[in-house]
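**Student:** Sending over start_0.txt (compact mmCIF, C-alpha atoms).
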```
# COMPACT_ATOMS: atom_id res chain seq x y z
CA MET A 769 112.96 -139.52 -105.76
CA LEU A 770 111.03 -136.85 -103.89
CA ALA A 771 112.70 -135.13 -100.96
CA ALA A 772 111.42 -135.95 -97.52
CA ARG A 773 108.80 -133.50 -96.21
CA PRO A 774 110.15 -131.46 -93.27
CA PRO A 775 108.41 -131.83 -89.94
CA LEU A 776 105.38 -129.66 -89.32
CA ASP A 777 107.13 -127.76 -86.50
CA ASP A 778 110.01 -126.87 -88.84
CA GLU A 779 107.56 -125.60 -91.47
CA LYS A 780 105.75 -123.51 -88.88
CA ARG A 781 109.03 -122.08 -87.64
CA GLU A 782 110.08 -121.20 -91.20
CA ARG A 783 106.75 -119.46 -91.85
CA GLU A 784 107.15 -117.47 -88.63
CA ILE A 785 110.67 -116.38 -89.59
CA ASP A 786 109.60 -115.45 -93.13
CA TRP A 787 106.69 -113.45 -91.76
CA ASP A 788 108.95 -111.54 -89.37
CA GLN A 789 111.38 -110.66 -92.13
CA LYS A 790 108.77 -108.95 -94.28
CA GLU A 791 108.92 -105.16 -94.43
CA MET A 792 105.67 -103.24 -94.51
CA PRO A 793 105.39 -100.03 -96.55
CA PHE A 794 104.31 -96.82 -94.85
CA THR A 795 100.77 -97.08 -96.19
CA GLU A 796 100.46 -100.56 -94.68
CA HIS A 797 101.51 -99.18 -91.28
CA LEU A 798 98.85 -96.48 -91.58
CA ARG A 799 96.26 -99.07 -92.51
CA GLU A 800 97.24 -101.23 -89.56
CA LEU A 801 97.12 -98.22 -87.22
CA ARG A 802 93.63 -97.43 -88.51
CA ASN A 803 92.51 -101.01 -87.91
CA ARG A 804 93.95 -101.06 -84.38
CA LEU A 805 92.29 -97.74 -83.51
CA PHE A 806 89.03 -98.98 -84.99
CA VAL A 807 89.10 -102.08 -82.75
CA CYS A 808 89.78 -99.90 -79.68
CA LEU A 809 87.00 -97.45 -80.52
CA ILE A 810 84.49 -100.18 -81.30
CA THR A 811 85.37 -101.95 -78.03
CA ILE A 812 84.94 -98.78 -75.97
CA ALA A 813 81.76 -97.73 -77.81
CA GLY A 814 80.17 -101.15 -77.43
CA LEU A 815 80.99 -101.33 -73.72
CA ALA A 816 79.77 -97.75 -73.19
CA VAL A 817 76.42 -98.51 -74.78
CA ALA A 818 76.08 -101.62 -72.62
CA LEU A 819 76.88 -99.56 -69.51
CA LEU A 820 74.40 -96.73 -70.12
CA TYR A 821 71.62 -98.29 -68.07
CA PRO A 822 73.90 -99.49 -65.22
CA ALA A 823 75.36 -95.95 -65.15
CA GLN A 824 71.92 -94.55 -64.28
CA LEU A 825 71.69 -96.94 -61.35
CA ALA A 826 75.25 -96.12 -60.27
CA ILE A 827 74.67 -92.39 -59.77
CA PRO A 828 72.55 -92.66 -56.58
CA TRP A 829 74.97 -95.26 -55.22
CA ILE A 830 78.05 -93.11 -55.93
CA THR A 831 76.36 -90.09 -54.36
CA HIS A 832 75.48 -92.00 -51.19
CA VAL A 833 78.87 -93.70 -50.83
CA TYR A 834 81.04 -90.60 -51.27
CA PHE A 835 78.79 -87.72 -50.24
CA GLY A 836 76.29 -89.20 -47.81
CA SER A 837 73.04 -87.26 -47.67
CA ILE A 838 74.23 -84.45 -49.95
CA GLN A 839 71.94 -83.89 -52.93
CA LEU A 840 73.40 -83.34 -56.37
CA HIS A 841 71.94 -80.57 -58.52
CA ALA A 842 71.59 -80.28 -62.29
CA PHE A 843 72.38 -76.75 -63.51
CA GLY A 844 71.33 -77.51 -67.07
CA PRO A 845 68.94 -79.85 -68.86
CA ALA A 846 71.80 -81.96 -70.22
CA ASP A 847 73.88 -82.24 -67.02
CA ALA A 848 72.35 -85.52 -65.91
CA ILE A 849 72.68 -87.00 -69.42
CA TRP A 850 76.35 -86.02 -69.57
CA ALA A 851 76.94 -87.53 -66.14
CA ILE A 852 75.42 -90.85 -67.25
CA PHE A 853 77.43 -90.78 -70.47
CA LYS A 854 80.71 -90.10 -68.64
CA ILE A 855 80.14 -92.93 -66.16
CA ALA A 856 79.46 -95.31 -69.05
CA LEU A 857 82.47 -94.03 -71.02
CA TYR A 858 84.94 -94.22 -68.13
CA GLY A 859 83.67 -97.65 -67.21
CA ALA A 860 84.11 -98.77 -70.82
CA ILE A 861 87.72 -97.53 -70.83
CA VAL A 862 88.50 -99.46 -67.66
CA LEU A 863 86.87 -102.65 -68.90
CA GLY A 864 88.49 -102.21 -72.29
CA LEU A 865 92.03 -101.59 -71.00
CA PRO A 866 93.23 -105.14 -71.77
CA VAL A 867 92.01 -104.82 -75.37
CA ILE A 868 93.54 -101.34 -75.73
CA LEU A 869 96.94 -102.45 -74.39
CA PHE A 870 96.88 -105.52 -76.59
CA GLN A 871 96.14 -103.48 -79.73
CA VAL A 872 98.91 -101.00 -78.89
CA TRP A 873 101.32 -103.87 -78.34
CA MET A 874 100.42 -105.58 -81.60
CA PHE A 875 100.97 -102.33 -83.52
CA VAL A 876 104.33 -101.25 -82.10
CA VAL A 877 106.02 -104.66 -82.24
CA PRO A 878 105.20 -106.23 -85.61
CA ALA A 879 108.71 -107.71 -85.85
CA VAL A 880 108.59 -109.59 -82.57
CA HIS A 881 108.70 -113.36 -82.81
CA PRO A 882 105.19 -114.88 -83.10
CA ARG A 883 105.81 -116.92 -79.96
CA THR A 884 106.32 -113.65 -78.09
CA ARG A 885 103.14 -112.21 -79.50
CA ARG A 886 101.14 -115.17 -78.28
CA ALA A 887 102.62 -114.66 -74.83
CA VAL A 888 100.96 -111.23 -74.69
CA TYR A 889 97.64 -112.94 -74.05
CA SER A 890 98.97 -113.79 -70.59
CA TYR A 891 99.01 -110.05 -69.76
CA ILE A 892 95.31 -109.49 -70.45
CA PHE A 893 93.88 -110.95 -67.26
CA PRO A 894 96.52 -109.35 -64.95
CA SER A 895 95.81 -106.02 -66.66
CA PHE A 896 92.14 -106.27 -65.75
CA LEU A 897 92.95 -107.28 -62.16
CA LEU A 898 95.35 -104.35 -61.79
CA ALA A 899 92.66 -101.97 -63.05
CA LEU A 900 90.27 -103.29 -60.39
CA ALA A 901 93.02 -102.97 -57.76
CA GLY A 902 93.56 -99.34 -58.76
CA ILE A 903 89.85 -98.59 -58.51
CA ALA A 904 89.68 -100.28 -55.10
CA PHE A 905 92.67 -98.26 -53.87
CA ALA A 906 91.07 -94.99 -54.97
CA HIS A 907 87.69 -96.03 -53.55
CA PHE A 908 88.85 -97.06 -50.09
CA LEU A 909 91.86 -94.81 -49.46
CA VAL A 910 92.08 -91.80 -51.74
CA LEU A 911 88.56 -90.56 -52.46
CA PRO A 912 87.13 -90.66 -48.90
CA ARG A 913 90.01 -88.56 -47.58
CA ALA A 914 90.10 -86.21 -50.56
CA ILE A 915 86.35 -85.55 -50.51
CA LYS A 916 86.37 -85.01 -46.77
CA GLY A 917 89.14 -82.42 -47.16
CA LEU A 918 87.38 -80.69 -50.02
CA ASP A 919 84.11 -80.56 -48.08
CA TYR A 920 85.91 -78.99 -45.11
CA PHE A 921 87.53 -76.24 -47.18
CA THR A 922 84.31 -75.56 -49.09
CA GLU A 923 82.25 -75.14 -45.92
CA GLN A 924 84.70 -72.55 -44.61
CA ILE A 925 84.04 -70.10 -47.42
CA ALA A 926 80.81 -71.11 -49.18
CA VAL A 927 77.55 -72.99 -48.96
CA PRO A 928 78.05 -76.38 -50.64
CA THR A 929 75.84 -76.85 -53.69
CA TYR A 930 77.22 -79.66 -55.77
CA GLY A 931 76.44 -80.03 -59.48
CA ILE A 932 75.91 -83.56 -60.69
CA GLU A 933 78.29 -83.37 -63.65
CA SER A 934 81.30 -81.70 -62.00
CA THR A 935 80.94 -83.73 -58.81
CA LEU A 936 80.72 -87.11 -60.49
CA ASN A 937 83.46 -86.08 -62.91
CA LEU A 938 85.85 -85.66 -59.97
CA VAL A 939 85.05 -89.14 -58.66
CA LEU A 940 85.23 -90.81 -62.06
CA LEU A 941 88.52 -89.16 -63.05
CA MET A 942 90.15 -90.31 -59.82
CA LEU A 943 88.91 -93.87 -60.28
CA LEU A 944 90.01 -93.93 -63.92
CA ALA A 945 93.39 -92.38 -63.09
CA PHE A 946 94.21 -95.10 -60.58
CA ALA A 947 92.96 -97.83 -62.90
CA ILE A 948 95.50 -96.55 -65.45
CA VAL A 949 98.31 -95.93 -62.95
CA PHE A 950 98.03 -99.51 -61.70
CA GLN A 951 98.81 -100.68 -65.25
CA THR A 952 102.45 -99.69 -64.63
CA PRO A 953 103.77 -103.27 -64.22
CA VAL A 954 102.08 -104.47 -67.41
CA VAL A 955 103.25 -101.48 -69.47
CA MET A 956 106.82 -101.68 -68.19
CA LEU A 957 107.01 -105.43 -68.80
CA LEU A 958 105.84 -104.91 -72.37
CA LEU A 959 108.40 -102.13 -72.91
CA ALA A 960 111.13 -104.33 -71.48
CA ARG A 961 110.01 -107.21 -73.68
CA ILE A 962 110.65 -105.19 -76.83
CA GLY A 963 113.95 -103.84 -75.50
CA LEU A 964 113.05 -100.19 -74.90
CA ILE A 965 113.85 -100.35 -71.19
CA ASN A 966 115.67 -102.68 -68.80
CA SER A 967 116.12 -103.03 -65.05
CA LYS A 968 119.56 -101.35 -65.10
CA LEU A 969 118.19 -98.28 -66.84
CA LEU A 970 115.25 -98.01 -64.43
CA ARG A 971 117.53 -98.33 -61.41
CA SER A 972 119.81 -95.56 -62.69
CA TYR A 973 116.86 -93.15 -62.95
CA ARG A 974 115.14 -94.32 -59.76
CA LYS A 975 115.52 -91.09 -57.78
CA TYR A 976 114.33 -88.92 -60.67
CA ILE A 977 111.32 -91.13 -61.26
CA GLY A 978 110.53 -91.09 -57.54
CA PHE A 979 110.63 -87.29 -57.51
CA GLY A 980 108.41 -87.18 -60.58
CA MET A 981 105.88 -89.39 -58.80
CA LEU A 982 105.82 -87.00 -55.83
CA VAL A 983 105.11 -84.14 -58.22
CA ALA A 984 102.37 -86.18 -59.88
CA GLY A 985 100.90 -86.94 -56.45
CA ALA A 986 100.85 -83.23 -55.63
CA VAL A 987 99.12 -82.43 -58.93
CA LEU A 988 96.56 -85.23 -58.60
CA ALA A 989 95.73 -84.58 -54.92
CA PRO A 990 92.37 -82.77 -55.22
CA ASP A 991 92.44 -81.41 -51.66
CA GLY A 992 96.11 -80.32 -51.72
CA SER A 993 96.84 -82.29 -48.55
CA PRO A 994 100.40 -83.67 -48.14
CA VAL A 995 98.88 -86.87 -46.74
CA THR A 996 96.70 -87.31 -49.84
CA MET A 997 99.72 -86.54 -52.00
CA ALA A 998 101.70 -89.27 -50.25
CA ILE A 999 98.79 -91.72 -50.54
CA ILE A 1000 98.68 -91.12 -54.30
CA ALA A 1001 102.46 -91.19 -54.86
CA ALA A 1002 103.16 -94.25 -52.67
CA PRO A 1003 101.42 -96.88 -54.82
CA MET A 1004 102.98 -95.39 -57.95
CA TYR A 1005 106.47 -95.89 -56.52
CA VAL A 1006 105.66 -99.34 -55.14
CA LEU A 1007 104.41 -100.41 -58.56
CA PHE A 1008 107.56 -98.99 -60.12
CA GLU A 1009 109.82 -100.99 -57.80
CA LEU A 1010 107.68 -104.09 -58.33
CA SER A 1011 108.04 -103.64 -62.08
CA ILE A 1012 111.84 -103.59 -61.80
CA TRP A 1013 111.90 -106.93 -59.99
CA LEU A 1014 109.39 -108.43 -62.41
CA ILE A 1015 111.60 -107.35 -65.32
CA VAL A 1016 114.64 -108.94 -63.65
CA PHE A 1017 112.73 -112.19 -63.17
CA MET A 1018 111.17 -112.24 -66.62
CA ASP A 1019 114.41 -111.28 -68.37
CA LYS A 1020 115.95 -114.59 -67.35
CA ARG A 1021 112.94 -116.42 -68.71
CA TRP A 1022 113.03 -114.48 -71.98
CA LYS A 1023 116.70 -115.34 -72.46
CA ARG A 1024 116.00 -119.03 -71.93
CA GLU A 1025 113.16 -118.88 -74.48
CA ALA A 1026 115.42 -117.11 -76.99
CA GLU A 1027 118.02 -119.84 -76.65
CA THR A 1028 115.46 -122.52 -77.50
CA VAL A 1029 114.28 -120.80 -80.70
```
How would this structure read if it were set down as structure tokens?

**Tutor:**
Amino acid sequence: MLAARPPLDDEKREREIDWDQKEMPFTEHLRELRNRLFVCLITIAGLAVALLYPAQLAIPWITHVYFGSIQLHAFGPADAIWAIFKIALYGAIVLGLPVILFQVWMFVVPAVHPRTRRAVYSYIFPSFLLALAGIAFAHFLVLPRAIKGLDYFTEQIAVPTYGIESTLNLVLLMLLAFAIVFQTPVVMLLLARIGLINSKLLRSYRKYIGFGMLVAGAVLAPDGSPVTMAIIAAPMYVLFELSIWLIVFMDKRWKREAETV
């Protein structure tokens, strides 16, 4: 008499466990790393190509919004081309952040339970929203003050003549930096999910991390103003504290999920 066929859910669970218990040789890890990097590069390249034409339209808008009636100058035949390329590239990185984070996650945690891997999809949309929030913060609060301060100091010692590539590079780097900084909650939740950090560890190093953020704010403040430094460091620390509470909340949920497996 044939044995009864186990339920489909039991079979699926057994396949998931068997898959997790497999060990990959070093060459397989290298091959997977290559594939993950290839996906990231193709994503960024494809988005950059799609953004080349919008980047041309964005340059006059960026100039007007941040510098008013100031005219940008090209000091070489390729300056304008490089400016367009950088806008498209930085925009592609921001739009591709969810894909990049997902590929990094899928590479560093191959032994995580498949149910956990599927849960990563829930981080993609928040990651994109946080990137937009970071760009908005830089656009409305950081850049106007920083550019105003830089213009003031420049006019005291020189006649302002702004090159298109260096000027737009400043704006784009600040926007990209804040888009990445605002990924802090997503990154810390992912690190906590795989057990590299926890809320207790983060609390014990809170004052050192806070000091490090002040130093980072001082380095990133383009005009050297203490106010700009504080404006840059404040959201970093707020996001850090928010991440701690999110980890505390999610840790309880993760434990309940582990008990049901």

**Student:** Provide an axis-aligned box for all listed atoms of range 950-959 of chain A, padding each side by 4 Å; report its centre and its edge lengths in Å to one decimal, as JSON.

**Tutor:**
```
{"center_x": 103.2, "center_y": -102.5, "center_z": -67.3, "size_x": 18.4, "size_y": 13.9, "size_z": 19.2}
```

**Student:** Taking all atoms listed in the file into account, which of A:Pro1003, A:Gly978, A:Gly814, A:Pro866 comes nearest Pro894 in chain A?

**Tutor:**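 Ranked by minimum distance to Pro894 in chain A, first place goes to A:Pro866.
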
**Student:** The residues within 12 Å of (73.8, -84.8, -59.2), using only C-alpha atoms and the coordinates of the file, should be reported as a ChimeraX atom specification; which are they?

**Tutor:** /A:824,826-832,835,837-852,929-937

**Student:** If I take CA of Ala816 in chain A and CA of Val954 in chain A, how far is one from the other in Å, to one decimal?

**Tutor:**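 CA of Val954 in chain A lies 24.0 Å from CA of Ala816 in chain A.
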
**Student:** Find the spatial neighbours of Ala960 in chain A, counting only C-alpha atoms, within a cut-off of 10 Å - ignore same-chain residues fewer than 6 positions away - and output them as a ChimeraX atom specification.

**Tutor:** /A:954,966-967,1011-1012,1015-1016,1018-1019

**Student:** Tell me which protein, DNA and RNA residues are within 9 Å of Leu970 in chain A, counting all atoms listed in the file, leaving out same-chain ones fewer than 5 positions away, and put them as a list in words.

**Tutor:**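 My list of contacting residues is Ile965, Ile977, Phe1008 and Ile1012 of chain A.
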
**Student:** Kindly give the distance, in Å, that separates CA of Arg971 in chain A and CA of Trp1013 in chain A, rounded to a single decimal.

**Tutor:**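 That distance, rounded to one decimal, is 10.4 Å.
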
**Student:** Give the answer as one residue: which of A:Val876, A:Ala984, A:Ile812, A:Val927 has the shortest atom-to-atom distance to Ile1000 in chain A, using all atoms listed in the file?

**Tutor:**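 Among the listed residues, A:Ala984 lies closest to Ile1000 in chain A.
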
**Student:** Closest to Tyr973 in chain A among A:Leu957, A:Phe896, A:Thr795, A:Glu1009, using only C-alpha atoms?

**Tutor:**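 Under the stated criterion, the closest residue is A:Glu1009.
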
**Student:** Please provide as a ChimeraX atom specification all residues within 9 Å of Val817 in chain A, with the sequence filter that same-chain residues fewer than 6 positions apart are discarded (counting all atoms listed in the file).

**Tutor:** /A:853,856-857,860

**Student:** Would you please work out which residue, of A:Leu958, A:Asn803, A:Leu909, A:Pro928, is nearest to Leu943 in chain A when using all atoms listed in the file?

**Tutor:** A:Leu909

**Student:** At what distance in Å, to one decimal, does CA of Val910 in chain A lie from CA of Tyr1005 in chain A?

**Tutor:**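 CA of Val910 in chain A lies at a distance of 15.7 Å from CA of Tyr1005 in chain A.
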
**Student:** Which residues, written as a VMD selection string, have at least one atom at most 7 Å from Phe950 in chain A, with only C-alpha atoms counted and residues fewer than 5 positions away on the same chain left out?

**Tutor:** chain A and resid 898 to 899 902

**Student:** Would you save the residues of that selection, restricted to C-alpha atoms, as an mmCIF file, keeping the file's coordinate frame?

**Tutor:**
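The file below, out-v1.cif, is the result:
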```cif
data_model
loop_
_atom_site.group_PDB
_atom_site.id
_atom_site.type_symbol
_atom_site.label_atom_id
_atom_site.label_comp_id
_atom_site.auth_asym_id
_atom_site.auth_seq_id
_atom_site.Cartn_x
_atom_site.Cartn_y
_atom_site.Cartn_z
ATOM 1 C CA LEU A 898 95.350 -104.350 -61.790
ATOM 2 C CA ALA A 899 92.660 -101.970 -63.050
ATOM 3 C CA GLY A 902 93.560 -99.340 -58.760
#
```

**Student:** Could you give me, as a ChimeraX atom specification, the residues within 12 Å of Leu815 in chain A, counting all atoms listed in the file and dropping anything in the same chain fewer than 5 positions from it?

**Tutor:** /A:808-810,820-823,853,855-865,867

**Student:** So, counting all atoms listed in the file, which residue among A:Ile962, A:Asp991, A:Leu825, A:Ala1001 is closest to Leu918 in chain A?

**Tutor:**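 Of all the options, A:Asp991 lies closest to Leu918 in chain A.
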
**Student:** Do you know which residues lie at most 12 Å from (101.5, -92.8, -51.4), with coordinates as in the file and only C-alpha atoms counted, and could you write them as an NGL selection string?

**Tutor:** :A and (905-906 or 909-910 or 946 or 978 or 981-986 or 988-989 or 993-1007)

**Student:** Some atoms are absent from range 972-1007 of chain A, so rebuild N, CA and C atoms and return them as a PDB file, keeping the file's coordinate frame.

**Tutor:**
```pdb
ATOM      1  N   SER A 972     118.967 -96.754 -62.588  1.00  0.00           N
ATOM      2  CA  SER A 972     119.810 -95.560 -62.690  1.00  0.00           C
ATOM      3  C   SER A 972     118.993 -94.271 -62.612  1.00  0.00           C
ATOM      4  N   TYR A 973     117.726 -94.337 -62.998  1.00  0.00           N
ATOM      5  CA  TYR A 973     116.860 -93.150 -62.950  1.00  0.00           C
ATOM      6  C   TYR A 973     115.853 -93.227 -61.803  1.00  0.00           C
ATOM      7  N   ARG A 974     116.106 -94.085 -60.839  1.00  0.00           N
ATOM      8  CA  ARG A 974     115.140 -94.320 -59.760  1.00  0.00           C
ATOM      9  C   ARG A 974     114.793 -93.038 -59.008  1.00  0.00           C
ATOM     10  N   LYS A 975     115.799 -92.270 -58.612  1.00  0.00           N
ATOM     11  CA  LYS A 975     115.520 -91.090 -57.780  1.00  0.00           C
ATOM     12  C   LYS A 975     114.747 -90.017 -58.563  1.00  0.00           C
ATOM     13  N   TYR A 976     115.046 -89.902 -59.867  1.00  0.00           N
ATOM     14  CA  TYR A 976     114.330 -88.920 -60.670  1.00  0.00           C
ATOM     15  C   TYR A 976     112.874 -89.341 -60.879  1.00  0.00           C
ATOM     16  N   ILE A 977     112.681 -90.626 -61.093  1.00  0.00           N
ATOM     17  CA  ILE A 977     111.320 -91.130 -61.260  1.00  0.00           C
ATOM     18  C   ILE A 977     110.528 -90.978 -59.969  1.00  0.00           C
ATOM     19  N   GLY A 978     111.195 -91.261 -58.826  1.00  0.00           N
ATOM     20  CA  GLY A 978     110.530 -91.090 -57.540  1.00  0.00           C
ATOM     21  C   GLY A 978     110.111 -89.650 -57.302  1.00  0.00           C
ATOM     22  N   PHE A 979     110.984 -88.703 -57.660  1.00  0.00           N
ATOM     23  CA  PHE A 979     110.630 -87.290 -57.510  1.00  0.00           C
ATOM     24  C   PHE A 979     109.469 -86.920 -58.427  1.00  0.00           C
ATOM     25  N   GLY A 980     109.497 -87.444 -59.655  1.00  0.00           N
ATOM     26  CA  GLY A 980     108.410 -87.180 -60.580  1.00  0.00           C
ATOM     27  C   GLY A 980     107.078 -87.700 -60.055  1.00  0.00           C
ATOM     28  N   MET A 981     107.108 -88.832 -59.371  1.00  0.00           N
ATOM     29  CA  MET A 981     105.880 -89.390 -58.800  1.00  0.00           C
ATOM     30  C   MET A 981     105.357 -88.522 -57.666  1.00  0.00           C
ATOM     31  N   LEU A 982     106.254 -87.929 -56.879  1.00  0.00           N
ATOM     32  CA  LEU A 982     105.820 -87.000 -55.830  1.00  0.00           C
ATOM     33  C   LEU A 982     105.148 -85.774 -56.446  1.00  0.00           C
ATOM     34  N   VAL A 983     105.716 -85.281 -57.531  1.00  0.00           N
ATOM     35  CA  VAL A 983     105.110 -84.140 -58.220  1.00  0.00           C
ATOM     36  C   VAL A 983     103.738 -84.521 -58.770  1.00  0.00           C
ATOM     37  N   ALA A 984     103.663 -85.719 -59.354  1.00  0.00           N
ATOM     38  CA  ALA A 984     102.370 -86.180 -59.880  1.00  0.00           C
ATOM     39  C   ALA A 984     101.351 -86.330 -58.762  1.00  0.00           C
ATOM     40  N   GLY A 985     101.799 -86.818 -57.596  1.00  0.00           N
ATOM     41  CA  GLY A 985     100.900 -86.940 -56.450  1.00  0.00           C
ATOM     42  C   GLY A 985     100.391 -85.590 -56.002  1.00  0.00           C
ATOM     43  N   ALA A 986     101.268 -84.572 -56.031  1.00  0.00           N
ATOM     44  CA  ALA A 986     100.850 -83.230 -55.630  1.00  0.00           C
ATOM     45  C   ALA A 986      99.840 -82.656 -56.614  1.00  0.00           C
ATOM     46  N   VAL A 987     100.038 -82.940 -57.911  1.00  0.00           N
ATOM     47  CA  VAL A 987      99.120 -82.430 -58.930  1.00  0.00           C
ATOM     48  C   VAL A 987      97.763 -83.132 -58.851  1.00  0.00           C
ATOM     49  N   LEU A 988      97.797 -84.448 -58.597  1.00  0.00           N
ATOM     50  CA  LEU A 988      96.560 -85.230 -58.600  1.00  0.00           C
ATOM     51  C   LEU A 988      95.777 -85.105 -57.292  1.00  0.00           C
ATOM     52  N   ALA A 989      96.428 -84.686 -56.211  1.00  0.00           N
ATOM     53  CA  ALA A 989      95.730 -84.580 -54.920  1.00  0.00           C
ATOM     54  C   ALA A 989      94.677 -83.482 -55.005  1.00  0.00           C
ATOM     55  N   PRO A 990      93.407 -83.803 -55.028  1.00  0.00           N
ATOM     56  CA  PRO A 990      92.370 -82.770 -55.220  1.00  0.00           C
ATOM     57  C   PRO A 990      92.232 -81.818 -54.044  1.00  0.00           C
ATOM     58  N   ASP A 991      92.580 -82.278 -52.830  1.00  0.00           N
ATOM     59  CA  ASP A 991      92.440 -81.410 -51.660  1.00  0.00           C
ATOM     60  C   ASP A 991      93.736 -80.711 -51.286  1.00  0.00           C
ATOM     61  N   GLY A 992      94.828 -80.977 -52.005  1.00  0.00           N
ATOM     62  CA  GLY A 992      96.110 -80.320 -51.720  1.00  0.00           C
ATOM     63  C   GLY A 992      96.768 -80.766 -50.443  1.00  0.00           C
ATOM     64  N   SER A 993      96.270 -81.815 -49.799  1.00  0.00           N
ATOM     65  CA  SER A 993      96.840 -82.290 -48.550  1.00  0.00           C
ATOM     66  C   SER A 993      98.112 -83.092 -48.802  1.00  0.00           C
ATOM     67  N   PRO A 994      99.187 -82.863 -47.985  1.00  0.00           N
ATOM     68  CA  PRO A 994     100.400 -83.670 -48.140  1.00  0.00           C
ATOM     69  C   PRO A 994     100.149 -85.153 -47.904  1.00  0.00           C
ATOM     70  N   VAL A 995      99.194 -85.466 -47.005  1.00  0.00           N
ATOM     71  CA  VAL A 995      98.880 -86.870 -46.740  1.00  0.00           C
ATOM     72  C   VAL A 995      98.263 -87.508 -47.986  1.00  0.00           C
ATOM     73  N   THR A 996      97.313 -86.799 -48.612  1.00  0.00           N
ATOM     74  CA  THR A 996      96.700 -87.310 -49.840  1.00  0.00           C
ATOM     75  C   THR A 996      97.733 -87.445 -50.944  1.00  0.00           C
ATOM     76  N   MET A 997      98.645 -86.477 -51.024  1.00  0.00           N
ATOM     77  CA  MET A 997      99.720 -86.540 -52.000  1.00  0.00           C
ATOM     78  C   MET A 997     100.561 -87.794 -51.803  1.00  0.00           C
ATOM     79  N   ALA A 998     100.892 -88.083 -50.549  1.00  0.00           N
ATOM     80  CA  ALA A 998     101.700 -89.270 -50.250  1.00  0.00           C
ATOM     81  C   ALA A 998     100.923 -90.555 -50.556  1.00  0.00           C
ATOM     82  N   ILE A 999      99.615 -90.541 -50.268  1.00  0.00           N
ATOM     83  CA  ILE A 999      98.790 -91.720 -50.540  1.00  0.00           C
ATOM     84  C   ILE A 999      98.731 -92.008 -52.040  1.00  0.00           C
ATOM     85  N   ILE A1000      98.729 -90.948 -52.847  1.00  0.00           N
ATOM     86  CA  ILE A1000      98.680 -91.120 -54.300  1.00  0.00           C
ATOM     87  C   ILE A1000     100.051 -91.551 -54.838  1.00  0.00           C
ATOM     88  N   ALA A1001     101.115 -90.916 -54.329  1.00  0.00           N
ATOM     89  CA  ALA A1001     102.460 -91.190 -54.860  1.00  0.00           C
ATOM     90  C   ALA A1001     102.984 -92.552 -54.417  1.00  0.00           C
ATOM     91  N   ALA A1002     102.613 -92.998 -53.211  1.00  0.00           N
ATOM     92  CA  ALA A1002     103.160 -94.250 -52.670  1.00  0.00           C
ATOM     93  C   ALA A1002     102.889 -95.461 -53.562  1.00  0.00           C
ATOM     94  N   PRO A1003     101.639 -95.701 -53.974  1.00  0.00           N
ATOM     95  CA  PRO A1003     101.420 -96.880 -54.820  1.00  0.00           C
ATOM     96  C   PRO A1003     102.116 -96.782 -56.169  1.00  0.00           C
ATOM     97  N   MET A1004     102.275 -95.563 -56.681  1.00  0.00           N
ATOM     98  CA  MET A1004     102.980 -95.390 -57.950  1.00  0.00           C
ATOM     99  C   MET A1004     104.424 -95.860 -57.813  1.00  0.00           C
ATOM    100  N   TYR A1005     105.069 -95.484 -56.707  1.00  0.00           N
ATOM    101  CA  TYR A1005     106.470 -95.890 -56.520  1.00  0.00           C
ATOM    102  C   TYR A1005     106.579 -97.377 -56.208  1.00  0.00           C
ATOM    103  N   VAL A1006     105.649 -97.897 -55.444  1.00  0.00           N
ATOM    104  CA  VAL A1006     105.660 -99.340 -55.140  1.00  0.00           C
ATOM    105  C   VAL A1006     105.508-100.150 -56.420  1.00  0.00           C
ATOM    106  N   LEU A1007     104.602 -99.719 -57.286  1.00  0.00           N
ATOM    107  CA  LEU A1007     104.410-100.410 -58.560  1.00  0.00           C
ATOM    108  C   LEU A1007     105.651-100.300 -59.443  1.00  0.00           C
TER     109      LEU A1007
END
```
